[in-house]
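Structure record follows, encoded as structure tokens.
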Amino acid sequence: MCGGTGLLGRALTHKLAHDGEQVIVLVRRSPRRHADPKIIEIEWHPERPQPVSDPSQLEGCYAAVHLAGANLAAHRWTPAYKRLILNSRVDTSGALGRIFTALIAPPPVLVAASATGYYGDRGNELLTEASRPGEGFLPEVCQAWEAATSPLAPRVVQLRFGVVLTARGGALPSLLRLFRLGLGGRLGNGRQWMSWVSLEDAVAAIRFAIAEPQLSGAFNTTAPHPVTNAEFTYTLGRILHRPTLFRVPSLALRAVLGEMAQDALLASTRAVPERLATAGFLFSDERLEQTVSEMV
């Protein structure tokens, strides 16, 4: 697994290890010893011709999971950071390909992250995996990301994740703190759609993709019921019994955050998990209010 030290990667690693699976996590630093012997770290350097010093350590893995990529919200989107966002996804995909080429028995399946950013800003349009890609930076990144992972294994599953919600990290804990202070409010006009998924369902979807041999290609990994930003705001306020009177104007968001505000906060993406539902995947967390209520 690469990207195993991020929020989703950590949750997946510990769930797999808890269930008795051995997990090899590729890390860019010196490996650490885990309390659970089923979790092993191997140092890798994706920029090198041979990213892992001894690829034979990875022989016999039954699946690979690719979650690597720079955090979209960690920095203002300068030209340099936009290159990092793209390269951290595409270049690591190429590095995995070089590792697999060096193996006698490479993994037969690769589950790779993508994102609903593939669709861009689409208003009220209901988006399935058959929908065309959008226009702009994030759709371009997602298309390049998926193109880079598609040829890496006999079976490749690309999961287009929505916003991952969990009390363990990511955006939700910070939002909850603001709402508890009575500072929660809509972003822009609040009409933009937000496709979301709980961390538990995101982990379960990865495991489902590994286990089901008929699955390949792109899958929207989002709860069946996306919400508008206004509905999201109202729901959090109701759960926490706090007012949601504030509104952050679109112009202010763009002034502070630049392009990231438009693509990541104000864009409307109403994606639904049509292919996962058809394949028989069952979401544990389908409705926002119940999901968030269990996290606070």
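Identifiers in the structure tokens: chain A, B, ... in order shown; residue index from 1 per chain; ligand index from 1 in order shown.
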Selection: 9 Å around Ala144 (chain A), only C-alpha atoms, excl. self and same-chain fewer than 4 positions, as a count of residues only: 7
Would you list the contacts of region 134-138 of chain A as a compact mmCIF listing (two decimals) with C-alpha atoms, in the first residue's frame, taking every protein, DNA or RNA residue within 6 Å and counting only C-alpha atoms, but skipping same-chain residues closer than 3 positions in sequence?
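Output (around.txt):
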```txt
# COMPACT_ATOMS: atom_id res chain seq x y z
CA GLY A 117 -13.38 16.04 -8.66
CA TYR A 119 -16.72 15.65 -12.77
CA GLY A 120 -15.95 19.28 -11.94
CA VAL A 141 -5.78 15.77 -12.37
```
For Ala261 (chain A), the nearest of the candidates A:Leu181, A:Ala218, A:Leu199, A:Ala73, counting only C-alpha atoms: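 Using only C-alpha atoms, Ala261 (chain A) sits closest to A:Ala73.
Distances here use only C-alpha atoms; by that measure, the residue among A:Pro106, A:Ala279, A:Ala11, A:Met260 closest to Ala74 (chain A) is A:Met260.
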Best match for closeness to Leu176 (chain A) among A:Leu251, A:Val25, A:Ile210, A:Val292, counting only C-alpha atoms: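 Residue with the minimum atom-to-atom distance to Leu176 (chain A): A:Val292.
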Strand (DSSP E or B) call set, DSSP backbone run, region 34-206 of chain A, as a ChimeraX atom specification: /A:39-43,64-66,109-115,126-127,155-161,163-165,185-187,193-194,196-198
Two-atom distance - CA of Trp145 (chain A), CA of Ala171 (chain A) (Å):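 Atom-to-atom, CA of Trp145 (chain A) to CA of Ala171 (chain A), that is 23.1 Å.
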Near-Gly184 (chain A) list (7 Å; only C-alpha atoms; drop same-chain fewer than 2 positions) as a list in words: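 Selected residues are Leu178, Phe179, Gly182, Thr233, Thr244 and Phe246 of chain A.
Around region 45-55 of chain A, within 8 Å and counting only C-alpha atoms, the residues found are Arg28, Asp91, Thr92, Ala95, Leu96, Arg98, Ile99, Ala102 and Leu103 of chain A, once anything fewer than 5 positions away on its own chain is removed.
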Among the residues A:Ile239, A:Leu110, A:Ala267, A:Ala68, the one that comes closest to Gly6 (chain A) [using only C-alpha atoms]: A:Ala68
Polymer residues at most 12 Å from Glu289 (chain A), only C-alpha atoms, same-chain spacing of 2 or more positions, as a ChimeraX atom specification: /A:165,198,225-227,231-240,285-287,291-296
Nearest residue to Ala70 (chain A) from the set A:Ser30, A:Gly3, A:Trp44, A:Ser131 (distances using only C-alpha atoms):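 Nearest candidate to Ala70 (chain A) out of A:Ser30, A:Gly3, A:Trp44, A:Ser131: A:Gly3.
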Residue nearest Arg32 (chain A) - candidates A:Arg177, A:Trp193, A:Thr5, A:Lys15, atoms counted: only C-alpha atoms: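 Checking each of A:Arg177, A:Trp193, A:Thr5, A:Lys15 against Arg32 (chain A), counting only C-alpha atoms, the winner is A:Thr5.
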Every residue of region 72-238 of chain A that DSSP places in helix (DSSP H, G or I), as a PyMOL selection string: chain A and resi 79-101+116-119+137-149+172-180+199-211+229-238
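Of note, CA of Val27 (chain A) and CA of Thr221 (chain A) are spaced 25.2 Å apart.
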Near-Ala153 (chain A) list (8 Å; only C-alpha atoms; drop same-chain fewer than 2 positions) as a ChimeraX atom specification: /A:106-110,150-151,155-156
